[in-house]
Structure formats: structure tokens, C-alpha cells
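Visitor: Data file data04.tsv (TSV, C-alpha atoms) is appended below.
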chain	number	residue	atom	x	y	z
A	1	MET	CA	-79.21	-102.05	-76.24
A	2	ASN	CA	-81.30	-105.26	-75.97
A	3	SER	CA	-84.32	-105.59	-73.68
A	4	LEU	CA	-82.33	-107.38	-70.94
A	5	ASP	CA	-79.68	-104.66	-70.86
A	6	ALA	CA	-82.46	-102.09	-70.55
A	7	VAL	CA	-83.44	-103.80	-67.29
A	8	LEU	CA	-79.98	-104.60	-65.90
A	9	ILE	CA	-78.01	-101.44	-66.68
A	10	PRO	CA	-80.12	-99.08	-64.49
A	11	MET	CA	-79.55	-101.46	-61.56
A	12	GLN	CA	-75.83	-100.78	-61.59
A	13	LYS	CA	-76.22	-97.40	-59.90
A	14	ASN	CA	-76.99	-99.24	-56.66
A	15	ILE	CA	-74.29	-101.90	-57.02
A	16	LYS	CA	-70.74	-101.35	-55.73
A	17	PRO	CA	-67.56	-103.48	-55.69
A	18	LEU	CA	-66.92	-105.71	-52.68
A	19	ASN	CA	-63.71	-107.41	-51.59
A	20	MET	CA	-63.86	-109.85	-48.69
A	21	ASN	CA	-60.99	-112.15	-47.73
A	22	ASP	CA	-59.37	-111.71	-51.18
A	23	LEU	CA	-62.63	-112.62	-52.92
A	24	ASN	CA	-63.98	-110.04	-55.36
A	25	GLY	CA	-67.71	-109.54	-55.69
A	26	ARG	CA	-70.32	-106.82	-55.45
A	27	MET	CA	-72.73	-105.30	-52.96
A	28	LEU	CA	-76.23	-103.90	-53.51
A	29	ARG	CA	-77.19	-100.84	-51.51
A	30	PHE	CA	-80.50	-98.97	-51.16
A	31	SER	CA	-80.99	-95.97	-48.90
A	32	ALA	CA	-84.22	-95.92	-46.92
A	33	THR	CA	-87.02	-94.33	-48.92
A	34	LYS	CA	-88.97	-93.02	-45.93
A	35	GLY	CA	-86.34	-91.77	-43.53
A	36	ASN	CA	-86.32	-94.96	-41.46
A	37	GLN	CA	-82.96	-95.53	-39.78
A	38	ARG	CA	-83.30	-99.32	-39.69
A	39	ASP	CA	-80.35	-101.22	-41.21
A	40	ILE	CA	-81.55	-104.24	-43.19
A	41	LEU	CA	-79.16	-106.95	-44.31
A	42	LEU	CA	-80.63	-108.99	-47.17
A	43	VAL	CA	-79.10	-112.41	-47.86
A	44	TYR	CA	-80.24	-113.94	-51.14
A	45	GLY	CA	-80.74	-117.63	-51.80
A	46	HIS	CA	-79.58	-120.33	-54.19
A	47	HIS	CA	-79.14	-119.73	-57.94
A	48	ALA	CA	-79.16	-115.98	-57.30
A	49	SER	CA	-77.44	-112.68	-57.92
A	50	LEU	CA	-77.86	-109.06	-56.86
A	51	GLU	CA	-79.88	-108.43	-60.00
A	52	ARG	CA	-82.25	-111.25	-59.10
A	53	ALA	CA	-82.62	-109.86	-55.56
A	54	TYR	CA	-83.01	-106.27	-56.77
A	55	GLY	CA	-86.81	-106.12	-56.64
A	56	ILE	CA	-87.12	-107.51	-53.11
A	57	ALA	CA	-84.27	-105.25	-51.92
A	58	GLU	CA	-86.00	-102.19	-53.35
A	59	ALA	CA	-89.27	-103.22	-51.69
A	60	LEU	CA	-87.51	-103.63	-48.33
A	61	SER	CA	-86.06	-100.11	-48.66
A	62	ASP	CA	-89.51	-98.81	-47.70
A	63	PHE	CA	-88.65	-100.01	-44.19
A	64	GLY	CA	-84.96	-99.07	-43.89
A	65	SER	CA	-81.64	-98.93	-45.69
A	66	VAL	CA	-80.86	-102.24	-47.40
A	67	THR	CA	-77.51	-103.88	-48.03
A	68	ALA	CA	-77.12	-107.18	-49.89
A	69	PRO	CA	-73.63	-108.66	-50.36
A	70	ASP	CA	-72.75	-111.25	-52.94
A	71	LEU	CA	-72.04	-114.72	-51.61
A	72	PRO	CA	-68.81	-116.42	-52.77
A	73	GLY	CA	-69.47	-118.33	-55.99
A	74	PHE	CA	-72.79	-116.57	-56.63
A	75	GLY	CA	-73.61	-113.41	-58.57
A	76	GLY	CA	-70.30	-113.62	-60.36
A	77	MET	CA	-68.28	-113.35	-57.13
A	78	ASP	CA	-65.07	-115.38	-56.80
A	79	SER	CA	-65.73	-118.77	-55.24
A	80	PHE	CA	-64.20	-120.23	-52.09
A	81	TYR	CA	-62.24	-122.59	-54.35
A	82	LYS	CA	-60.09	-119.62	-55.39
A	83	ILE	CA	-58.63	-119.43	-51.87
A	84	GLY	CA	-58.44	-123.20	-51.34
A	85	MET	CA	-61.68	-123.55	-49.37
A	86	LYS	CA	-64.88	-125.50	-49.98
A	87	PRO	CA	-68.27	-123.78	-50.22
A	88	SER	CA	-69.55	-125.36	-47.02
A	89	ILE	CA	-72.37	-123.85	-44.99
A	90	ASP	CA	-69.87	-123.22	-42.19
A	91	ASN	CA	-67.58	-121.24	-44.51
A	92	PHE	CA	-70.51	-119.18	-45.82
A	93	ALA	CA	-71.53	-118.52	-42.21
A	94	ASP	CA	-68.02	-117.33	-41.31
A	95	TYR	CA	-67.95	-115.10	-44.38
A	96	LEU	CA	-71.28	-113.51	-43.48
A	97	ALA	CA	-70.21	-112.97	-39.87
A	98	SER	CA	-67.07	-111.18	-41.10
A	99	PHE	CA	-69.16	-108.97	-43.39
A	100	ILE	CA	-71.51	-108.00	-40.56
A	101	LYS	CA	-68.65	-107.23	-38.17
A	102	LEU	CA	-66.98	-104.99	-40.73
A	103	ARG	CA	-70.04	-103.18	-42.04
A	104	TYR	CA	-72.25	-102.88	-38.96
A	105	ARG	CA	-69.76	-102.28	-36.18
A	106	GLY	CA	-71.67	-101.11	-33.12
A	107	ARG	CA	-75.05	-101.03	-34.91
A	108	LYS	CA	-78.17	-103.15	-34.66
A	109	ILE	CA	-79.40	-104.85	-37.81
A	110	THR	CA	-82.51	-106.50	-39.21
A	111	ILE	CA	-81.67	-109.66	-41.15
A	112	VAL	CA	-83.92	-110.78	-43.99
A	113	ALA	CA	-82.73	-114.03	-45.55
A	114	MET	CA	-84.18	-116.05	-48.41
A	115	SER	CA	-84.12	-119.84	-48.76
A	116	LEU	CA	-80.43	-120.93	-48.70
A	117	GLY	CA	-79.59	-117.48	-47.32
A	118	PHE	CA	-81.61	-118.31	-44.21
A	119	VAL	CA	-79.73	-121.60	-43.84
A	120	ILE	CA	-76.47	-119.63	-43.83
A	121	VAL	CA	-77.78	-117.01	-41.39
A	122	THR	CA	-79.00	-119.73	-39.01
A	123	ARG	CA	-75.60	-121.43	-39.06
A	124	MET	CA	-73.88	-118.07	-38.49
A	125	LEU	CA	-76.02	-117.42	-35.39
A	126	GLN	CA	-75.23	-120.93	-34.15
A	127	ARG	CA	-71.49	-120.51	-34.66
A	128	TYR	CA	-71.42	-116.95	-33.30
A	129	PRO	CA	-74.07	-116.82	-30.54
A	130	GLU	CA	-72.91	-113.36	-29.48
A	131	MET	CA	-74.17	-112.09	-32.83
A	132	LYS	CA	-77.77	-112.35	-31.60
A	133	ASP	CA	-77.28	-109.13	-29.63
A	134	LYS	CA	-76.83	-107.24	-32.92
A	135	VAL	CA	-80.08	-108.55	-34.43
A	136	ASP	CA	-83.27	-106.61	-33.67
A	137	LEU	CA	-85.41	-108.63	-36.09
A	138	LEU	CA	-84.83	-111.92	-37.91
A	139	VAL	CA	-86.95	-112.64	-40.98
A	140	SER	CA	-86.97	-115.79	-43.07
A	141	ILE	CA	-88.47	-115.62	-46.55
A	142	VAL	CA	-89.14	-119.21	-47.65
A	143	GLY	CA	-86.24	-120.31	-45.47
A	144	PHE	CA	-85.75	-123.84	-44.14
A	145	SER	CA	-83.70	-125.75	-41.59
A	146	HIS	CA	-83.66	-129.44	-42.45
A	147	LYS	CA	-83.57	-131.73	-45.47
A	148	TYR	CA	-86.92	-133.20	-44.41
A	149	ASP	CA	-88.54	-129.79	-45.00
A	150	MET	CA	-88.41	-130.57	-48.71
A	151	THR	CA	-91.30	-132.21	-50.54
A	152	PHE	CA	-89.35	-134.05	-53.25
A	153	SER	CA	-90.33	-137.64	-53.96
A	154	ARG	CA	-87.72	-140.21	-52.95
A	155	PRO	CA	-86.56	-140.89	-56.55
A	156	ARG	CA	-86.31	-137.17	-57.32
A	157	TYR	CA	-84.45	-136.52	-54.05
A	158	LEU	CA	-81.90	-139.23	-54.84
A	159	PHE	CA	-81.51	-137.95	-58.41
A	160	TYR	CA	-80.77	-134.40	-57.18
A	161	ARG	CA	-78.63	-135.51	-54.24
A	162	TYR	CA	-76.25	-137.77	-56.12
A	163	GLY	CA	-76.37	-135.86	-59.39
A	164	ALA	CA	-75.28	-132.68	-57.59
A	165	SER	CA	-72.52	-134.59	-55.81
A	166	PHE	CA	-71.22	-136.03	-59.09
A	167	PHE	CA	-71.16	-132.64	-60.84
A	168	SER	CA	-69.56	-130.81	-57.91
A	169	ARG	CA	-66.18	-132.26	-58.91
A	170	LYS	CA	-63.70	-130.23	-60.91
A	171	LEU	CA	-63.71	-132.23	-64.16
A	172	THR	CA	-67.38	-133.20	-64.20
A	173	SER	CA	-68.44	-129.62	-63.45
A	174	LYS	CA	-66.43	-128.41	-66.44
A	175	PHE	CA	-68.21	-130.96	-68.64
A	176	PHE	CA	-71.61	-129.90	-67.30
A	177	TYR	CA	-70.79	-126.20	-67.79
A	178	ASN	CA	-69.54	-126.59	-71.36
A	179	VAL	CA	-72.27	-128.98	-72.51
A	180	PHE	CA	-75.51	-128.62	-70.51
A	181	LEU	CA	-75.00	-124.93	-69.76
A	182	HIS	CA	-74.11	-123.97	-73.31
A	183	PRO	CA	-76.44	-121.07	-74.20
A	184	SER	CA	-78.00	-122.92	-77.14
A	185	ILE	CA	-78.81	-125.94	-74.94
A	186	LEU	CA	-80.15	-123.82	-72.09
A	187	LYS	CA	-82.42	-121.84	-74.39
A	188	ARG	CA	-83.80	-125.02	-75.91
A	189	LEU	CA	-84.34	-127.15	-72.82
A	190	TYR	CA	-84.31	-125.11	-69.60
A	191	SER	CA	-87.89	-123.83	-69.76
A	192	LYS	CA	-89.07	-127.45	-70.03
A	193	SER	CA	-87.23	-128.70	-66.94
A	194	HIS	CA	-89.20	-129.77	-63.86
A	195	ASN	CA	-88.12	-126.97	-61.50
A	196	ALA	CA	-87.93	-124.16	-64.05
A	197	LYS	CA	-91.02	-124.51	-66.19
A	198	SER	CA	-93.24	-122.58	-63.75
A	199	LYS	CA	-91.03	-119.50	-64.26
A	200	PHE	CA	-92.18	-119.30	-67.87
A	201	ASP	CA	-95.90	-119.89	-67.44
A	202	ASN	CA	-98.31	-117.26	-68.77
A	203	LEU	CA	-95.61	-114.96	-70.13
A	204	SER	CA	-95.57	-112.94	-73.32
A	205	LYS	CA	-92.90	-113.91	-75.84
A	206	GLU	CA	-90.93	-110.75	-75.00
A	207	ASP	CA	-90.95	-111.47	-71.27
A	208	ARG	CA	-90.17	-115.13	-71.86
A	209	ASP	CA	-87.16	-114.27	-74.06
A	210	GLN	CA	-85.92	-111.71	-71.54
A	211	ILE	CA	-86.14	-114.10	-68.61
A	212	MET	CA	-84.42	-116.83	-70.63
A	213	GLU	CA	-81.55	-114.47	-71.46
A	214	PHE	CA	-81.16	-113.69	-67.78
A	215	GLU	CA	-81.28	-117.37	-66.82
A	216	VAL	CA	-78.46	-118.05	-69.29
A	217	LYS	CA	-76.45	-115.20	-67.78
A	218	LEU	CA	-77.13	-116.40	-64.23
A	219	TRP	CA	-76.21	-120.01	-64.89
A	220	ARG	CA	-73.01	-119.11	-66.70
A	221	GLU	CA	-71.71	-116.37	-64.37
A	222	ASN	CA	-72.24	-118.32	-61.15
A	223	ASP	CA	-69.67	-120.94	-60.14
A	224	LEU	CA	-71.12	-124.32	-61.05
A	225	ARG	CA	-69.14	-126.29	-58.46
A	226	THR	CA	-70.45	-123.96	-55.76
A	227	HIS	CA	-73.99	-124.40	-57.08
A	228	MET	CA	-73.69	-128.18	-56.99
A	229	ASP	CA	-71.88	-128.37	-53.66
A	230	THR	CA	-74.43	-126.12	-51.94
A	231	SER	CA	-77.19	-128.25	-53.49
A	232	VAL	CA	-75.69	-131.26	-51.70
A	233	SER	CA	-75.50	-129.24	-48.47
A	234	MET	CA	-79.19	-128.33	-48.72
A	235	LEU	CA	-80.21	-131.90	-49.54
A	236	THR	CA	-78.33	-133.26	-46.51
A	237	LEU	CA	-79.03	-130.36	-44.14
A	238	ASP	CA	-79.71	-130.60	-40.42
A	239	ASN	CA	-79.54	-127.18	-38.76
A	240	CYS	CA	-81.48	-128.37	-35.70
A	241	LYS	CA	-78.53	-129.36	-33.50
A	242	VAL	CA	-77.86	-125.94	-31.92
A	243	GLN	CA	-80.49	-123.55	-30.55
A	244	VAL	CA	-80.55	-119.81	-31.28
A	245	ASP	CA	-81.85	-117.43	-28.62
A	246	LEU	CA	-83.88	-115.29	-31.02
A	247	PRO	CA	-87.44	-115.30	-32.33
A	248	VAL	CA	-87.95	-115.77	-36.06
A	249	HIS	CA	-90.62	-114.31	-38.34
A	250	HIS	CA	-91.09	-116.71	-41.24
A	251	VAL	CA	-92.71	-115.78	-44.55
A	252	SER	CA	-94.13	-118.89	-46.21
A	253	VAL	CA	-95.61	-119.07	-49.68
A	254	SER	CA	-99.10	-120.51	-49.97
A	255	SER	CA	-98.20	-122.67	-52.99
A	256	ASP	CA	-94.52	-123.41	-52.33
A	257	GLN	CA	-93.42	-126.24	-54.64
A	258	TYR	CA	-90.37	-127.12	-52.53
A	259	PHE	CA	-91.25	-127.07	-48.82
A	260	ASP	CA	-93.87	-128.47	-46.43
A	261	HIS	CA	-94.94	-125.53	-44.24
A	262	ASN	CA	-95.80	-127.68	-41.22
A	263	VAL	CA	-92.45	-129.46	-41.20
A	264	VAL	CA	-90.59	-126.17	-41.71
A	265	GLU	CA	-92.35	-124.75	-38.65
A	266	GLN	CA	-91.57	-127.81	-36.52
A	267	HIS	CA	-87.85	-127.57	-37.26
A	268	MET	CA	-87.67	-123.81	-36.78
A	269	ARG	CA	-89.37	-124.15	-33.39
A	270	VAL	CA	-86.61	-126.56	-32.39
A	271	ILE	CA	-83.96	-123.95	-33.19
A	272	PHE	CA	-85.48	-120.56	-32.29
A	273	ASN	CA	-87.11	-119.40	-29.07
A	274	ASP	CA	-90.25	-118.25	-30.87
A	275	PHE	CA	-91.81	-118.63	-34.32
A	276	THR	CA	-94.35	-116.48	-36.15
A	277	GLU	CA	-95.57	-117.37	-39.63
A	278	HIS	CA	-96.65	-114.82	-42.24
A	279	VAL	CA	-98.30	-116.30	-45.34
A	280	ALA	CA	-97.69	-114.78	-48.77
A	281	GLU	CA	-100.60	-115.68	-51.04
A	282	ILE	CA	-98.56	-116.17	-54.18
A	283	PRO	CA	-98.00	-119.16	-56.49
A	284	ASN	CA	-94.20	-119.51	-56.55
A	285	HIS	CA	-91.36	-120.24	-54.13
A	286	ALA	CA	-89.51	-117.06	-55.13
A	287	PRO	CA	-90.16	-113.83	-57.03
A	288	SER	CA	-89.87	-113.78	-60.79
A	289	ILE	CA	-86.22	-113.82	-61.73
A	290	LEU	CA	-86.41	-110.17	-62.81
A	291	ALA	CA	-89.19	-109.07	-60.46
A	292	SER	CA	-89.73	-105.33	-60.08
A	293	LYS	CA	-90.34	-103.74	-56.70
A	294	GLU	CA	-94.09	-103.99	-57.24
A	295	GLU	CA	-93.88	-107.64	-58.30
A	296	ALA	CA	-91.67	-108.55	-55.31
A	297	TYR	CA	-93.79	-106.72	-52.73
A	298	PRO	CA	-96.21	-109.66	-52.14
A	299	PHE	CA	-93.26	-111.52	-50.57
A	300	ILE	CA	-93.50	-108.97	-47.76
A	301	PRO	CA	-97.05	-109.72	-46.48
A	302	GLN	CA	-99.04	-107.04	-44.68
A	303	SER	CA	-98.51	-108.77	-41.33
A	304	ILE	CA	-94.70	-108.59	-41.58
A	305	ARG	CA	-94.90	-104.98	-42.77
A	306	LYS	CA	-96.65	-104.20	-39.49
A	307	VAL	CA	-93.77	-105.81	-37.59
A	308	PHE	CA	-91.27	-103.62	-39.48
A	309	LYS	CA	-93.30	-100.51	-38.70
A	310	LYS	CA	-93.85	-101.45	-35.06
A	311	LEU	CA	-90.11	-101.71	-34.54
A	312	LYS	CA	-89.43	-98.53	-36.50
A	313	ARG	CA	-86.48	-96.52	-35.24
Since I need it in another form, could you write the structure as C-alpha cells?
Guide:
Amino acid sequence: MNSLDAVLIPMQKNIKPLNMNDLNGRMLRFSATKGNQRDILLVYGHHASLERAYGIAEALSDFGSVTAPDLPGFGGMDSFYKIGMKPSIDNFADYLASFIKLRYRGRKITIVAMSLGFVIVTRMLQRYPEMKDKVDLLVSIVGFSHKYDMTFSRPRYLFYRYGASFFSRKLTSKFFYNVFLHPSILKRLYSKSHNAKSKFDNLSKEDRDQIMEFEVKLWRENDLRTHMDTSVSMLTLDNCKVQVDLPVHHVSVSSDQYFDHNVVEQHMRVIFNDFTEHVAEIPNHAPSILASKEEAYPFIPQSIRKVFKKLKR
């Protein structure tokens, strides 16, 4: 057993099969560790899997039972393309609404959504306004609502926007997958790329090798067309057209390399009826790709922990 398997295999005890709308994926489930009856739905973000979300899910289990479903095209789940649909934000929103209706029939839920996951949750609440009555607490972890929330320079924005569009096509995505995502290429170049290099800072060789192995696995098991198409959706996003009659608690990261906190707040205040910010004093937009419970815990600042406990049931 290699060092990555030693980390991933124990996770499988909390991961179960999931079939939704003829799409096969998986679902992560943690029982509450302290007898709290709160039901927490965790929705992970972009370039993610249940294994990547494992640490934050385990940390949240201190406040209730946690369920995290795969999203189509991510975590190895079948993509929307399999059933003749595009991976649009609307289709992700419909999928998530169906999951909630099936799993939480007649029960209140707390929704914790990360980055792209929060985009999907917002769109779901806009498309299904009756869903707000099921939500007792809505938490964004580094979520966003509009393309202008991003801090990319104009040249970098255009490079990402049109590069993602080009490689979201069937033939070009196959080329990208077989060339740029070949394990030997990824291992040689990925840690030097602009958005990834911070993941490898100040790591031992063993940790660096382990994280690289997981990055290779993540890039190659997720559907590349879905990755690219959702990148375009994020880079052209405007979720500010429909209001949601719920307050939002937003966890921002003090040194987020992707988003402008002030602009994020302005857009969220347009959508939601109240906004409360909780600042996580940490250096990265997201937890380490294989973060343990202890390493992920700083993404749940003390102030939001108090909110969980105050609403304990």
C-alpha cells in the first residue's frame, strides 16, 4: 500500500454509492459526533471530490450529521453529458434540489456550500423559492455570486475564459486530457502553475509527493468537459438577478487569492435578505487537498461555530 492509499482507503467506510437520475456517483456520510440532531448538507466546490471534502465534512460533524453528495462530472460521478445534458448551473441546481427532496423529506437542513457549490445552492434557491422553508441555516465557505467577485487581471481572465471554452468541446477536451493531463506531464509541471503552486509551498517531500499523486487522480477521474464548462459558467456568472429570502453567513479567507471580499459582500447583499461575514485567518482559498479534520477546522471560524451551537437542536 502506498502513502496515498493509506490516506484514501480508510475514508471509504463513510462513502456509499449514489444513483441520481441514472447518474452513478457516491455520497459521503458522517453521523453527528456529539448527539446533535442537525442535518448538514455539504456541497463541495470546483476541482473536488468526496475525498477532498473529507476533512471539512468530518469537522462539520461536530455540529450535526453531515451528508455530501457527488456532483455530476466531479468526484468520478457520471457527467450530465451521459444523459444528453450540459453541465449548466441550472442543471446542477435542479440535481441538488432533487437530492434534497429525496433525502430530507419533511426535515429541516443546514446547507454549507463551498465556492462553486455555493453558486449552485444560490441558483437552486432562486429556481425553487419554496426550498427556503427547509433551510434553517445557510453557510457559504469562500462562496461567490458574480464574475466581478474575482480578482484576476484582465489578460488572465480572458486567458481562462476563452481557454476553458475552447477545451470544453468534445475533441479538444480529449486532446487536453491525453496530453496535458498525462500523469508524467502533470507531475512535472502542475506544481509550477500559477493557481496550483501555493498548494505545494513549505511541504516535506513525502507530503508533496502524496498531494501530487492525489492531484493526478483528481484531474484524471473528474470529467474534463464538465470542469471546463463550469469554469466558463463561473467566469461569466451573474447570480444577482433573483433575490433569496434567507440570510447568509459567509466565511471569507483573509488571504483569498481569487476573490475580493468587499465585492463578494456587495453582491451577496443584493441577493440575500441579510449578510454576516466570518473571517478565517488562513492563507489559502481552500483547505489542503488532503486536509485532515484538524487542518480543515480553521475554515469553520469560532464565530460561525457559535452560530451552529446557538441553533442547536
Visitor: Considering only C-alpha atoms, return as an mmCIF file with C-alpha atoms, in the frame of the given file whatever protein or nucleic-acid residues lie within 12 Å of Leu41 of chain A, sequence-local ones (same chain, fewer than 4 positions apart) excluded.
Guide:
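Everything below was put into selection-v6.cif:
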data_model
loop_
_atom_site.group_PDB
_atom_site.id
_atom_site.type_symbol
_atom_site.label_atom_id
_atom_site.label_comp_id
_atom_site.auth_asym_id
_atom_site.auth_seq_id
_atom_site.Cartn_x
_atom_site.Cartn_y
_atom_site.Cartn_z
ATOM 1 C CA MET A 27 -72.730 -105.300 -52.960
ATOM 2 C CA LEU A 28 -76.230 -103.900 -53.510
ATOM 3 C CA ARG A 29 -77.190 -100.840 -51.510
ATOM 4 C CA PHE A 30 -80.500 -98.970 -51.160
ATOM 5 C CA ILE A 56 -87.120 -107.510 -53.110
ATOM 6 C CA ALA A 57 -84.270 -105.250 -51.920
ATOM 7 C CA LEU A 60 -87.510 -103.630 -48.330
ATOM 8 C CA SER A 61 -86.060 -100.110 -48.660
ATOM 9 C CA PHE A 63 -88.650 -100.010 -44.190
ATOM 10 C CA GLY A 64 -84.960 -99.070 -43.890
ATOM 11 C CA SER A 65 -81.640 -98.930 -45.690
ATOM 12 C CA VAL A 66 -80.860 -102.240 -47.400
ATOM 13 C CA THR A 67 -77.510 -103.880 -48.030
ATOM 14 C CA ALA A 68 -77.120 -107.180 -49.890
ATOM 15 C CA PRO A 69 -73.630 -108.660 -50.360
ATOM 16 C CA ASP A 70 -72.750 -111.250 -52.940
ATOM 17 C CA LEU A 96 -71.280 -113.510 -43.480
ATOM 18 C CA ALA A 97 -70.210 -112.970 -39.870
ATOM 19 C CA PHE A 99 -69.160 -108.970 -43.390
ATOM 20 C CA ILE A 100 -71.510 -108.000 -40.560
ATOM 21 C CA ARG A 103 -70.040 -103.180 -42.040
ATOM 22 C CA TYR A 104 -72.250 -102.880 -38.960
ATOM 23 C CA ARG A 107 -75.050 -101.030 -34.910
ATOM 24 C CA LYS A 108 -78.170 -103.150 -34.660
ATOM 25 C CA ILE A 109 -79.400 -104.850 -37.810
ATOM 26 C CA THR A 110 -82.510 -106.500 -39.210
ATOM 27 C CA ILE A 111 -81.670 -109.660 -41.150
ATOM 28 C CA VAL A 112 -83.920 -110.780 -43.990
ATOM 29 C CA ALA A 113 -82.730 -114.030 -45.550
ATOM 30 C CA MET A 114 -84.180 -116.050 -48.410
ATOM 31 C CA GLY A 117 -79.590 -117.480 -47.320
ATOM 32 C CA PHE A 118 -81.610 -118.310 -44.210
ATOM 33 C CA VAL A 121 -77.780 -117.010 -41.390
ATOM 34 C CA LYS A 134 -76.830 -107.240 -32.920
ATOM 35 C CA VAL A 135 -80.080 -108.550 -34.430
ATOM 36 C CA ASP A 136 -83.270 -106.610 -33.670
ATOM 37 C CA LEU A 137 -85.410 -108.630 -36.090
ATOM 38 C CA LEU A 138 -84.830 -111.920 -37.910
ATOM 39 C CA VAL A 139 -86.950 -112.640 -40.980
ATOM 40 C CA SER A 140 -86.970 -115.790 -43.070
#
Visitor: Using Å and a single decimal, report how far atom CA of Tyr148 of chain A sits from atom CA of Lys86 of chain A.
Guide: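 Interatomic distance, atom CA of Lys86 of chain A to atom CA of Tyr148 of chain A: 24.0 Å.
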Visitor: Around the point (-82.8, -111.2, -70.7), in the coordinates given by the file, pick out the residues reaching within 9 Å, counting all atoms listed in the file, and return them as a list of chain:residue names.
Guide: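 Nearby residues: A:Asn2, A:Ser3, A:Leu4, A:Asp5, A:Val7, A:Leu8, A:Asp207, A:Arg208, A:Asp209, A:Gln210, A:Ile211, A:Met212, A:Glu213, A:Phe214, A:Glu215, A:Val216, A:Lys217, A:Leu290.
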Visitor: For each of A:Ile9, A:Phe259, A:Asn21, A:Ser204, take the minimum atom-to-atom distance to Gly84 of chain A, counting all atoms listed in the file, then give the residue where this is smallest.
Guide: A:Asn21
Visitor: List the spatial neighbours of segment 164-179 of chain A as a list in words - criterion: any atom at most 6 Å away, only C-alpha atoms, same-chain residues fewer than 3 positions off excluded.
Guide: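 What passes the distance filter is Tyr160, Arg161, His182, Arg225, Met228 and Asp229 of chain A.
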Visitor: Between A:Ala32, A:Ile120, A:Pro87, A:Met77, single out the one closest to Tyr44 of chain A, counting only C-alpha atoms.
Guide: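 Closest candidate: A:Ile120.
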Visitor: I'd like to know which of A:Thr226, A:Gln257, A:Val264, A:Lys241 is closest to Thr276 of chain A, using only C-alpha atoms.
Guide: A:Val264
Visitor: Could you check which residues have any atom within 12 Å of (-95.5, -129.5, -43.1), counting all atoms listed in the file with coordinates taken straight from the file, and then list them as a list in words?
Guide: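 The distance filter leaves exactly Phe144, His146, Tyr148, Asp149, Met150, Thr151, Ser252, Ser254, Asp256, Tyr258, Phe259, Asp260, His261, Asn262, Val263, Val264, Glu265, Gln266, His267 and Met268 of chain A.
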Visitor: Figure out the distance between atom CA of His47 of chain A and atom CA of Leu186 of chain A, please, to one decimal in Å.
Guide: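 Going from atom CA of Leu186 of chain A over to atom CA of His47 of chain A covers 14.8 Å.
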Visitor: In Å, with one decimal, what is the gap from atom CA of Lys293 of chain A to atom CA of Pro10 of chain A?
Guide: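 Rounded to one decimal, the two atoms are 13.7 Å apart.
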Visitor: Set up a box along x, y and z of the file covering all listed atoms of segment 106-115 of chain A, add 5 Å on every one of the six sides, and write the centre and edge lengths in Å to one decimal, as JSON.
Guide:
{"center_x": -77.9, "center_y": -110.4, "center_z": -40.9, "size_x": 22.5, "size_y": 28.8, "size_z": 25.6}
Visitor: Tell me, as a compact mmCIF listing (two decimals) with C-alpha atoms, keeping the file's coordinate frame, which residues lie within 9 Å of Ala93 of chain A, counting all atoms listed in the file; anything in the same chain fewer than 6 positions away does not count.
Guide:
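Result written to result21.txt:
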# COMPACT_ATOMS: atom_id res chain seq x y z
CA VAL A 119 -79.73 -121.60 -43.84
CA ILE A 120 -76.47 -119.63 -43.83
CA VAL A 121 -77.78 -117.01 -41.39
CA THR A 122 -79.00 -119.73 -39.01
CA ARG A 123 -75.60 -121.43 -39.06
CA MET A 124 -73.88 -118.07 -38.49
CA LEU A 125 -76.02 -117.42 -35.39
CA ARG A 127 -71.49 -120.51 -34.66
